[in-house]
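*Asks:* structure36.csv is the file, holding CSV, C-alpha atoms and all ligand atoms:
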chain,number,residue,atom,x,y,z
A,26,MET,CA,14.7,-9.1,-108.9
A,27,ILE,CA,14.0,-12.8,-108.8
A,28,THR,CA,11.4,-14.8,-110.7
A,29,LEU,CA,10.3,-18.3,-109.8
A,30,THR,CA,8.6,-20.4,-112.5
A,31,ARG,CA,7.3,-23.9,-112.1
A,32,THR,CA,8.5,-26.1,-115.0
A,33,GLY,CA,9.6,-29.6,-116.1
A,34,ALA,CA,7.7,-32.5,-117.5
A,35,ALA,CA,6.1,-33.3,-114.1
A,36,GLU,CA,5.9,-29.6,-113.0
A,37,ASN,CA,8.3,-30.3,-110.2
A,38,VAL,CA,11.3,-28.2,-111.4
A,39,ALA,CA,11.8,-24.7,-109.9
A,40,LEU,CA,13.3,-22.3,-112.5
A,41,ILE,CA,14.8,-19.4,-110.5
A,42,THR,CA,15.8,-16.5,-112.6
A,43,LEU,CA,18.0,-13.6,-111.6
A,44,ASN,CA,16.3,-10.5,-113.1
A,45,ARG,CA,18.1,-7.2,-112.7
A,46,PRO,CA,18.8,-6.4,-116.3
A,47,THR,CA,19.9,-2.7,-115.7
A,48,ALA,CA,23.0,-3.9,-113.8
A,49,LEU,CA,23.7,-7.2,-115.6
A,50,ASN,CA,22.3,-9.0,-112.5
A,51,ALA,CA,24.9,-7.6,-110.2
A,52,LEU,CA,24.4,-9.1,-106.8
A,53,CYS,CA,23.1,-6.4,-104.6
A,54,ARG,CA,21.8,-6.9,-101.1
A,55,GLN,CA,18.1,-6.9,-102.1
A,56,LEU,CA,18.7,-9.4,-104.9
A,57,MET,CA,20.5,-11.7,-102.6
A,58,GLN,CA,17.8,-11.4,-100.0
A,59,GLU,CA,15.1,-12.2,-102.5
A,60,LEU,CA,17.2,-15.1,-103.9
A,61,SER,CA,17.7,-16.5,-100.4
A,62,GLU,CA,14.0,-16.3,-99.6
A,63,THR,CA,13.0,-17.9,-102.9
A,64,LEU,CA,15.5,-20.7,-102.4
A,65,LEU,CA,14.2,-21.4,-98.9
A,66,LYS,CA,10.6,-21.3,-100.2
A,67,VAL,CA,11.4,-24.0,-102.9
A,68,GLU,CA,13.5,-26.0,-100.4
A,69,HIS,CA,10.5,-26.3,-98.0
A,70,ASP,CA,7.9,-27.0,-100.8
A,71,SER,CA,7.8,-30.7,-101.4
A,72,THR,CA,6.2,-30.2,-104.8
A,73,TYR,CA,9.6,-29.0,-106.1
A,74,ASN,CA,12.3,-31.7,-106.6
A,75,VAL,CA,15.1,-29.9,-108.5
A,76,ILE,CA,16.2,-26.3,-108.9
A,77,VAL,CA,17.5,-24.6,-112.1
A,78,LEU,CA,19.2,-21.3,-111.4
A,79,THR,CA,19.7,-18.9,-114.4
A,80,GLY,CA,20.1,-15.3,-115.4
A,81,SER,CA,19.6,-13.6,-118.7
A,82,GLU,CA,21.2,-14.5,-122.1
A,83,LYS,CA,23.6,-11.5,-121.5
A,84,ALA,CA,24.5,-12.1,-117.9
A,85,PHE,CA,24.2,-14.8,-115.3
A,86,ALA,CA,25.5,-12.3,-112.8
A,87,ALA,CA,28.3,-9.7,-113.3
A,88,GLY,CA,29.4,-10.1,-109.7
A,89,ALA,CA,28.6,-8.4,-106.4
A,90,ASP,CA,27.3,-4.9,-106.8
A,91,ILE,CA,30.5,-2.8,-106.9
A,92,LYS,CA,28.6,0.5,-106.5
A,93,GLU,CA,26.9,-0.8,-103.3
A,94,MET,CA,30.2,-2.3,-102.0
A,95,ALA,CA,32.2,0.9,-102.8
A,96,LYS,CA,30.6,2.7,-99.8
A,97,LEU,CA,31.5,0.1,-97.2
A,98,GLU,CA,34.3,0.2,-94.7
A,99,PHE,CA,36.0,-2.7,-92.9
A,100,ALA,CA,33.6,-2.5,-89.9
A,101,ASP,CA,30.6,-2.7,-92.2
A,102,VAL,CA,31.7,-5.9,-93.8
A,103,PHE,CA,33.3,-7.5,-90.7
A,104,GLN,CA,31.1,-6.4,-87.8
A,105,LYS,CA,27.8,-6.0,-89.5
A,106,ASP,CA,27.8,-9.5,-90.7
A,107,ASP,CA,24.2,-9.1,-91.7
A,108,PHE,CA,25.3,-7.3,-94.9
A,109,PHE,CA,26.4,-10.5,-96.5
A,110,ALA,CA,24.1,-12.7,-94.5
A,111,ASN,CA,22.2,-15.2,-96.7
A,112,TRP,CA,24.8,-15.0,-99.4
A,113,ASP,CA,25.6,-18.7,-99.0
A,114,THR,CA,22.0,-19.9,-98.6
A,115,LEU,CA,22.4,-21.6,-102.0
A,116,TYR,CA,25.2,-23.8,-100.7
A,117,HIS,CA,23.0,-25.2,-97.9
A,118,ILE,CA,20.1,-26.2,-100.1
A,119,ALA,CA,19.5,-29.9,-99.9
A,120,LYS,CA,17.7,-30.2,-103.3
A,121,PRO,CA,19.9,-30.5,-106.4
A,122,VAL,CA,20.7,-27.1,-108.0
A,123,ILE,CA,21.7,-26.8,-111.7
A,124,ALA,CA,23.3,-23.5,-112.8
A,125,ALA,CA,22.4,-22.6,-116.4
A,126,VAL,CA,25.0,-19.9,-117.1
A,127,ASN,CA,24.7,-17.6,-120.1
A,128,GLY,CA,26.8,-14.5,-120.6
A,129,PHE,CA,28.9,-12.9,-117.9
A,130,ALA,CA,29.4,-14.9,-114.7
A,131,LEU,CA,32.1,-12.8,-113.0
A,132,GLY,CA,33.2,-12.5,-109.5
A,133,GLY,CA,30.3,-13.4,-107.2
A,134,GLY,CA,28.5,-14.6,-110.4
A,135,THR,CA,31.0,-17.3,-111.0
A,136,GLU,CA,31.0,-18.0,-107.2
A,137,LEU,CA,27.3,-18.4,-107.2
A,138,ALA,CA,27.5,-20.9,-110.1
A,139,LEU,CA,30.3,-22.8,-108.2
A,140,MET,CA,27.9,-23.2,-105.2
A,141,CYS,CA,25.5,-25.1,-107.5
A,142,ASP,CA,25.8,-28.9,-108.0
A,143,ILE,CA,26.0,-29.0,-111.8
A,144,ILE,CA,27.0,-26.2,-114.1
A,145,TYR,CA,25.7,-26.1,-117.7
A,146,ALA,CA,27.0,-23.2,-119.8
A,147,GLY,CA,25.8,-21.4,-122.9
A,148,GLU,CA,28.3,-20.9,-125.6
A,149,ASN,CA,28.5,-17.2,-124.8
A,150,ALA,CA,29.3,-17.8,-121.1
A,151,VAL,CA,32.3,-16.1,-119.6
A,152,PHE,CA,33.7,-17.0,-116.2
A,153,GLY,CA,36.3,-15.1,-114.1
A,154,GLN,CA,37.3,-13.6,-110.8
A,155,PRO,CA,38.1,-10.0,-111.5
A,156,GLU,CA,38.1,-8.9,-107.9
A,157,VAL,CA,41.9,-8.5,-107.9
A,158,SER,CA,41.5,-5.8,-110.5
A,159,ILE,CA,39.2,-3.7,-108.2
A,160,GLY,CA,41.4,-4.1,-105.1
A,161,THR,CA,39.8,-7.0,-103.3
A,162,ILE,CA,39.6,-10.8,-103.5
A,163,PRO,CA,36.8,-13.3,-104.1
A,164,GLY,CA,34.7,-13.6,-101.0
A,165,LEU,CA,32.0,-16.0,-101.8
A,166,GLY,CA,34.2,-19.2,-102.2
A,167,GLY,CA,36.2,-18.4,-105.4
A,168,THR,CA,39.6,-19.0,-103.9
A,169,GLN,CA,38.5,-22.2,-102.3
A,170,ARG,CA,36.3,-23.8,-104.9
A,171,TRP,CA,38.4,-23.1,-108.1
A,172,PRO,CA,41.3,-25.2,-106.7
A,173,ARG,CA,39.0,-27.9,-105.6
A,174,PHE,CA,37.0,-28.1,-108.9
A,175,THR,CA,40.0,-27.5,-111.3
A,176,ASN,CA,43.5,-27.3,-110.0
A,177,LYS,CA,45.9,-25.0,-108.2
A,178,SER,CA,47.6,-23.6,-111.3
A,179,ILE,CA,44.3,-22.7,-113.0
A,180,ALA,CA,42.8,-21.3,-109.8
A,181,MET,CA,45.9,-19.1,-109.2
A,182,GLU,CA,45.9,-17.9,-112.8
A,183,ILE,CA,42.2,-17.0,-112.7
A,184,CYS,CA,42.3,-15.3,-109.3
A,185,LEU,CA,45.7,-13.6,-109.6
A,186,THR,CA,45.0,-12.1,-113.1
A,187,GLY,CA,41.3,-11.5,-113.2
A,188,ASP,CA,41.3,-13.0,-116.7
A,189,ARG,CA,38.1,-14.4,-118.0
A,190,ILE,CA,37.6,-17.8,-119.6
A,191,SER,CA,35.1,-18.9,-122.2
A,192,ALA,CA,32.5,-21.6,-121.7
A,193,HIS,CA,34.5,-24.1,-123.8
A,194,ASP,CA,37.7,-23.4,-121.7
A,195,ALA,CA,35.6,-23.8,-118.5
A,196,LYS,CA,34.5,-27.2,-119.7
A,197,GLU,CA,38.0,-28.1,-120.6
A,198,VAL,CA,39.2,-27.4,-117.1
A,199,GLY,CA,36.3,-29.2,-115.5
A,200,LEU,CA,34.3,-26.3,-114.2
A,201,VAL,CA,31.2,-27.0,-116.3
A,202,SER,CA,29.9,-30.3,-117.4
A,203,LYS,CA,28.3,-29.3,-120.8
A,204,VAL,CA,28.1,-26.4,-123.2
A,205,PHE,CA,25.0,-25.7,-125.3
A,206,PRO,CA,23.9,-23.0,-127.8
A,207,THR,CA,22.9,-20.0,-125.8
A,208,GLN,CA,19.2,-20.1,-126.6
A,209,GLN,CA,18.9,-23.9,-125.8
A,210,LEU,CA,20.7,-23.7,-122.5
A,211,VAL,CA,17.8,-23.3,-120.1
A,212,ALA,CA,15.7,-26.0,-121.9
A,213,GLU,CA,18.7,-28.4,-121.6
A,214,ALA,CA,19.1,-27.6,-117.9
A,215,VAL,CA,15.4,-28.4,-117.4
A,216,ILE,CA,15.7,-31.7,-119.3
A,217,LEU,CA,18.5,-32.6,-117.0
A,218,ALA,CA,16.4,-31.5,-114.0
A,219,ASP,CA,13.6,-33.8,-115.2
A,220,ARG,CA,16.0,-36.8,-115.4
A,221,ILE,CA,17.1,-36.2,-111.8
A,222,ALA,CA,13.5,-35.5,-110.7
A,223,LYS,CA,12.4,-39.0,-111.9
A,224,ASN,CA,14.3,-40.5,-109.0
A,225,SER,CA,13.2,-40.6,-105.4
A,226,PRO,CA,13.6,-37.1,-103.9
A,227,LEU,CA,14.8,-38.6,-100.6
A,228,ILE,CA,17.5,-40.6,-102.3
A,229,VAL,CA,18.5,-37.7,-104.6
A,230,LYS,CA,19.1,-35.6,-101.5
A,231,THR,CA,21.2,-38.4,-100.0
A,232,VAL,CA,23.3,-38.7,-103.2
A,233,LYS,CA,23.8,-34.9,-103.1
A,234,LYS,CA,24.9,-35.0,-99.5
A,235,SER,CA,27.3,-37.9,-100.1
A,236,VAL,CA,29.0,-36.4,-103.2
A,237,GLY,CA,29.1,-33.0,-101.5
A,238,THR,CA,31.0,-34.6,-98.6
A,239,ALA,CA,33.9,-35.3,-101.0
A,240,TYR,CA,34.6,-31.6,-101.1
A,241,GLU,CA,34.5,-31.2,-97.3
A,242,THR,CA,36.5,-34.1,-95.8
A,243,SER,CA,39.4,-36.5,-96.3
A,244,LEU,CA,38.9,-39.6,-98.5
A,245,ASN,CA,38.6,-41.9,-95.4
A,246,GLN,CA,36.0,-39.6,-93.7
A,247,GLY,CA,34.1,-39.3,-96.9
A,248,LEU,CA,34.0,-43.1,-97.4
A,249,GLU,CA,32.7,-43.4,-93.9
A,250,VAL,CA,29.9,-40.9,-94.6
A,251,GLU,CA,29.1,-42.6,-97.8
A,252,LYS,CA,28.9,-46.0,-96.1
A,253,HIS,CA,26.5,-44.7,-93.4
A,254,LEU,CA,24.3,-42.9,-96.0
A,255,PHE,CA,24.2,-46.1,-98.1
A,256,GLN,CA,23.2,-48.1,-95.1
A,257,SER,CA,20.6,-45.5,-94.2
A,258,THR,CA,18.8,-46.0,-97.5
A,259,PHE,CA,17.9,-49.5,-96.2
A,260,ALA,CA,15.6,-47.8,-93.7
A,261,THR,CA,13.6,-46.1,-96.5
A,262,ASN,CA,10.5,-47.2,-98.3
A,263,ASP,CA,11.9,-45.8,-101.5
A,264,ARG,CA,14.9,-48.2,-101.3
A,265,ARG,CA,12.5,-51.1,-100.8
A,266,GLU,CA,10.2,-49.9,-103.6
A,267,GLY,CA,13.2,-49.3,-106.0
A,268,MET,CA,14.5,-52.8,-105.6
A,269,SER,CA,11.1,-54.4,-105.7
A,270,ALA,CA,10.2,-52.5,-108.9
A,271,PHE,CA,13.4,-53.7,-110.5
A,272,SER,CA,12.6,-57.4,-109.7
A,273,GLU,CA,9.0,-57.0,-110.8
A,274,LYS,CA,10.1,-55.3,-114.0
A,275,ARG,CA,7.9,-52.2,-113.4
A,276,ALA,CA,8.5,-48.5,-112.9
A,277,ALA,CA,9.1,-47.5,-109.2
A,278,LYS,CA,6.5,-45.4,-107.5
A,279,TRP,CA,8.4,-43.1,-105.1
A,280,SER,CA,6.8,-42.1,-101.8
A,281,GLY,CA,9.6,-39.9,-100.7
A,282,ASN,CA,10.1,-41.7,-97.4
B,301,LIG,N1,28.2,-4.0,-109.9
B,301,LIG,C1,27.5,-2.9,-110.2
B,301,LIG,N2,27.0,-2.6,-111.4
B,301,LIG,C2,27.4,-3.3,-112.4
B,301,LIG,C3,28.3,-4.5,-112.2
B,301,LIG,C4,28.7,-4.8,-110.9
B,301,LIG,N3,29.4,-5.8,-110.6
B,301,LIG,N4,28.5,-5.0,-113.4
B,301,LIG,C5,27.8,-4.3,-114.3
B,301,LIG,N5,27.2,-3.2,-113.7
B,301,LIG,C6,26.4,-2.2,-114.3
B,301,LIG,C7,27.2,-1.1,-115.0
B,301,LIG,O1,27.7,-0.2,-114.1
B,301,LIG,C8,26.3,-0.6,-116.0
B,301,LIG,O2,25.4,0.3,-115.3
B,301,LIG,P1,25.2,1.8,-115.9
B,301,LIG,O3,24.6,1.6,-117.2
B,301,LIG,O4,24.3,2.4,-114.9
B,301,LIG,O5,26.5,2.4,-116.0
B,301,LIG,C9,25.5,-1.8,-116.4
B,301,LIG,O6,25.6,-2.7,-115.4
B,301,LIG,C10,25.9,-2.4,-117.7
B,301,LIG,O7,27.3,-2.6,-117.6
B,301,LIG,P2,28.4,-2.2,-118.7
B,301,LIG,O8,28.0,-0.9,-119.4
B,301,LIG,O9,29.7,-2.2,-118.0
B,301,LIG,O10,28.3,-3.4,-119.7
B,301,LIG,P3,29.5,-3.9,-120.7
B,301,LIG,O11,28.8,-4.9,-121.6
B,301,LIG,O12,30.2,-2.8,-121.3
B,301,LIG,O13,30.5,-4.7,-119.7
B,301,LIG,C11,31.1,-6.2,-117.9
B,301,LIG,C12,30.0,-5.8,-119.0
B,301,LIG,C13,32.4,-6.7,-118.5
B,301,LIG,C14,30.5,-7.4,-117.1
B,301,LIG,C15,31.3,-5.0,-117.0
B,301,LIG,O14,30.1,-4.4,-116.6
B,301,LIG,C16,32.1,-5.3,-115.7
B,301,LIG,O15,33.3,-5.4,-115.8
B,301,LIG,N6,31.4,-5.4,-114.6
B,301,LIG,C17,32.1,-5.7,-113.3
B,301,LIG,C18,32.6,-7.1,-113.2
B,301,LIG,C19,33.3,-7.3,-111.9
B,301,LIG,O16,34.3,-6.8,-111.6
B,301,LIG,N7,32.7,-8.2,-111.0
B,301,LIG,C20,33.3,-8.6,-109.7
B,301,LIG,C21,32.6,-7.7,-108.6
B,301,LIG,S1,33.4,-8.0,-107.1
B,301,LIG,C22,32.7,-9.5,-106.5
B,301,LIG,O17,31.9,-10.1,-107.2
B,301,LIG,C23,33.1,-9.9,-105.1
B,301,LIG,C24,32.1,-11.0,-104.6
B,301,LIG,C25,32.4,-11.2,-103.2
B,301,LIG,C26,31.1,-11.2,-102.4
B,301,LIG,C27,31.4,-11.6,-100.9
B,301,LIG,C28,30.1,-11.9,-100.1
B,301,LIG,C29,30.4,-12.5,-98.8
Represent the structure contained in this file as structure tokens.
*Replies:*
Amino acid sequence: MITLTRTGAAENVALITLNRPTALNALCRQLMQELSETLLKVEHDSTYNVIVLTGSEKAFAAGADIKEMAKLEFADVFQKDDFFANWDTLYHIAKPVIAAVNGFALGGGTELALMCDIIYAGENAVFGQPEVSIGTIPGLGGTQRWPRFTNKSIAMEICLTGDRISAHDAKEVGLVSKVFPTQQLVAEAVILADRIAKNSPLIVKTVKKSVGTAYETSLNQGLEVEKHLFQSTFATNDRREGMSAFSEKRAAKWSGN
């Protein structure tokens, strides 16, 4: 249900594709298990620097698998916490992850995209949290990340109505950074991944950690974290190399340490 393809100009971009076409990439237990395993494999393989996560042109993911969830009782989802174990692996990946979203990204599909660092959307992308219309609520971060990434009014409207929004509307409210023609989307996401992958992987991870902290803490705590991370770059060879290369007017050669 998951394919992993090595791509990018330097072959250091991992293109991870959700591939369950018969159910519009609905997020079933097996798909999420495979996604988690693939993410961890890429995370621990130093030949990959950046991840692009995508689905098909019709669907990024149409949400958690409703047919699978329909059978569950409270005890299944509360006590047997292994049912949804691994569902947030994506959020804990240290390498940058770009979501390339075409088609339906509903419920858990939108929430998966919101766990990524950057969202690029195809013109046919549709985002939404329809859980309220099937008697539940977003459970993979939707009620928490929409208000942080957009604003309270939009988050409430999206989560309380279950309405869908287009790629262009998602860009207008700040959910996605760029919109592309559907068929160009993945190539554009890989171009972006290449631009990120040209930098030191060590420093890139540090940037990701620092920006991510802005969504976890107060401004003062975040500024403290940023200061310490900034200082820590002075203990790295890549910081020395980057500044030397600038002075010597040459391209930096990153060692990743
Ligand atoms: N779950 C299971 N199967 C699905 C899902 C889904 N979410 N979405 C689509 N499918 C299946 C359909 O049942 C259908 O299968 P079949 O041919 O066997 O009947 C096939 O995919 C194609 O779907 P449609 O025929 O419905 O295609 P349409 O183009 O007519 O419609 C839609 C596409 C609008 C996307 C429609 O399929 C739809 O509304 N899907 C459900 C969307 C939804 O409500 N998603 C939210 C699910 S709840 C959720 O995500 C909670 C996440 C919290 C997780 C917490 C973890 C800790």
*Asks:* Quick one: everything within 10 Å of segment 112-121 of chain A, counting only C-alpha atoms, minus sequence neighbours fewer than 2 positions away in the same chain. Send it as a ChimeraX atom specification.
*Replies:* /A:52,54,56-58,60-62,64-65,67-69,73-78,107-110,123,133,136-143,165-166,218,221-222,226-227,229-234
*Asks:* Kindly extract all protein, DNA and RNA residues lying within 8 Å of the coordinates (23.4, -8.1, -108.4) given in the file, considering all atoms listed in the file, and supply them as a PDB file with C-alpha atoms, in the frame of the given file.
*Replies:*
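Result file part.pdb:
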ATOM      1  CA  ARG A  45      18.100  -7.200-112.700  1.00  0.00           C
ATOM      2  CA  ALA A  48      23.000  -3.900-113.800  1.00  0.00           C
ATOM      3  CA  LEU A  49      23.700  -7.200-115.600  1.00  0.00           C
ATOM      4  CA  ASN A  50      22.300  -9.000-112.500  1.00  0.00           C
ATOM      5  CA  ALA A  51      24.900  -7.600-110.200  1.00  0.00           C
ATOM      6  CA  LEU A  52      24.400  -9.100-106.800  1.00  0.00           C
ATOM      7  CA  CYS A  53      23.100  -6.400-104.600  1.00  0.00           C
ATOM      8  CA  ARG A  54      21.800  -6.900-101.100  1.00  0.00           C
ATOM      9  CA  LEU A  56      18.700  -9.400-104.900  1.00  0.00           C
ATOM     10  CA  MET A  57      20.500 -11.700-102.600  1.00  0.00           C
ATOM     11  CA  ALA A  86      25.500 -12.300-112.800  1.00  0.00           C
ATOM     12  CA  ALA A  87      28.300  -9.700-113.300  1.00  0.00           C
ATOM     13  CA  GLY A  88      29.400 -10.100-109.700  1.00  0.00           C
ATOM     14  CA  ALA A  89      28.600  -8.400-106.400  1.00  0.00           C
ATOM     15  CA  ASP A  90      27.300  -4.900-106.800  1.00  0.00           C
TER      16      ASP A  90
END
*Asks:* Have a look at A:Met268, A:Ile162, A:Leu29, A:Ala146 and name the one nearest to Ala192 of chain A; count only C-alpha atoms.
*Replies:*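 Using only C-alpha atoms, Ala192 of chain A sits closest to A:Ala146.
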*Asks:* Nearest to ligand LIG 301 (chain B) among A:Gly237, A:Pro163, A:Gly80, A:Gly128, with distances taken over only C-alpha atoms and all ligand atoms: which residue is it?
*Replies:*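 Among A:Gly237, A:Pro163, A:Gly80, A:Gly128, it is A:Pro163 that comes nearest to ligand LIG 301 (chain B).
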*Asks:* If you measure from atom CA of Gly164 of chain A to atom CA of Gln55 of chain A, what distance in Å do you get, rounded to one decimal?
*Replies:*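 Value for the atom CA of Gly164 of chain A-atom CA of Gln55 of chain A distance: 17.9 Å.
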*Asks:* Compare A:Ala277, A:Ile159, A:Ala34, A:Ala239 by their minimum atom-to-atom distance to ligand LIG 301 (chain B), counting all atoms listed in the file, and give me the closest one.
*Replies:*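 Distance minimum relative to ligand LIG 301 (chain B) lands on A:Ile159.
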*Asks:* Here is a test: counting only C-alpha atoms, which residue of A:Leu254, A:Ala180, A:Ala124, A:Ala270 is nearest to Ser202 of chain A?
*Replies:* A:Ala124
*Asks:* Any chance you could build segment 214-237 of chain A out to N, CA and C atoms and write it as a CSV table (one decimal), keeping the file's coordinate frame?
*Replies:*
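Writing done, so here's rebuild08.csv:
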chain,number,residue,atom,x,y,z
A,214,ALA,N,18.9,-27.5,-119.4
A,214,ALA,CA,19.1,-27.6,-117.9
A,214,ALA,C,17.8,-28.2,-117.4
A,215,VAL,N,16.6,-27.9,-117.9
A,215,VAL,CA,15.4,-28.4,-117.4
A,215,VAL,C,15.2,-29.9,-117.8
A,216,ILE,N,15.7,-30.3,-119.0
A,216,ILE,CA,15.7,-31.7,-119.3
A,216,ILE,C,16.6,-32.5,-118.3
A,217,LEU,N,17.7,-31.9,-118.0
A,217,LEU,CA,18.5,-32.6,-117.0
A,217,LEU,C,17.8,-32.7,-115.6
A,218,ALA,N,17.2,-31.6,-115.2
A,218,ALA,CA,16.4,-31.5,-114.0
A,218,ALA,C,15.3,-32.6,-114.0
A,219,ASP,N,14.7,-32.8,-115.1
A,219,ASP,CA,13.6,-33.8,-115.2
A,219,ASP,C,14.2,-35.2,-115.0
A,220,ARG,N,15.4,-35.4,-115.6
A,220,ARG,CA,16.0,-36.8,-115.4
A,220,ARG,C,16.3,-37.0,-113.9
A,221,ILE,N,16.8,-36.0,-113.2
A,221,ILE,CA,17.1,-36.2,-111.8
A,221,ILE,C,15.8,-36.3,-111.0
A,222,ALA,N,14.8,-35.5,-111.4
A,222,ALA,CA,13.5,-35.5,-110.7
A,222,ALA,C,12.7,-36.8,-110.8
A,223,LYS,N,13.1,-37.7,-111.8
A,223,LYS,CA,12.4,-39.0,-111.9
A,223,LYS,C,12.8,-39.9,-110.8
A,224,ASN,N,13.8,-39.6,-110.1
A,224,ASN,CA,14.3,-40.5,-109.0
A,224,ASN,C,13.6,-40.1,-107.7
A,225,SER,N,13.8,-40.9,-106.7
A,225,SER,CA,13.2,-40.6,-105.4
A,225,SER,C,13.8,-39.3,-104.8
A,226,PRO,N,13.0,-38.3,-104.4
A,226,PRO,CA,13.6,-37.1,-103.9
A,226,PRO,C,14.4,-37.3,-102.7
A,227,LEU,N,14.0,-38.3,-101.9
A,227,LEU,CA,14.8,-38.6,-100.6
A,227,LEU,C,16.2,-39.1,-101.0
A,228,ILE,N,16.2,-40.0,-102.0
A,228,ILE,CA,17.5,-40.6,-102.3
A,228,ILE,C,18.4,-39.6,-103.1
A,229,VAL,N,17.7,-38.8,-103.9
A,229,VAL,CA,18.5,-37.7,-104.6
A,229,VAL,C,19.2,-36.8,-103.6
A,230,LYS,N,18.5,-36.4,-102.5
A,230,LYS,CA,19.1,-35.6,-101.5
A,230,LYS,C,20.3,-36.3,-100.9
A,231,THR,N,20.1,-37.6,-100.7
A,231,THR,CA,21.2,-38.4,-100.0
A,231,THR,C,22.4,-38.5,-100.9
A,232,VAL,N,22.2,-38.6,-102.2
A,232,VAL,CA,23.3,-38.7,-103.2
A,232,VAL,C,24.0,-37.3,-103.1
A,233,LYS,N,23.2,-36.2,-103.1
A,233,LYS,CA,23.8,-34.9,-103.1
A,233,LYS,C,24.7,-34.7,-101.9
A,234,LYS,N,24.2,-35.2,-100.7
A,234,LYS,CA,24.9,-35.0,-99.5
A,234,LYS,C,26.2,-35.8,-99.6
A,235,SER,N,26.1,-37.0,-100.1
A,235,SER,CA,27.3,-37.9,-100.1
A,235,SER,C,28.4,-37.3,-101.1
A,236,VAL,N,28.0,-36.9,-102.3
A,236,VAL,CA,29.0,-36.4,-103.2
A,236,VAL,C,29.6,-35.1,-102.7
A,237,GLY,N,28.7,-34.2,-102.1
A,237,GLY,CA,29.1,-33.0,-101.5
A,237,GLY,C,30.2,-33.2,-100.4
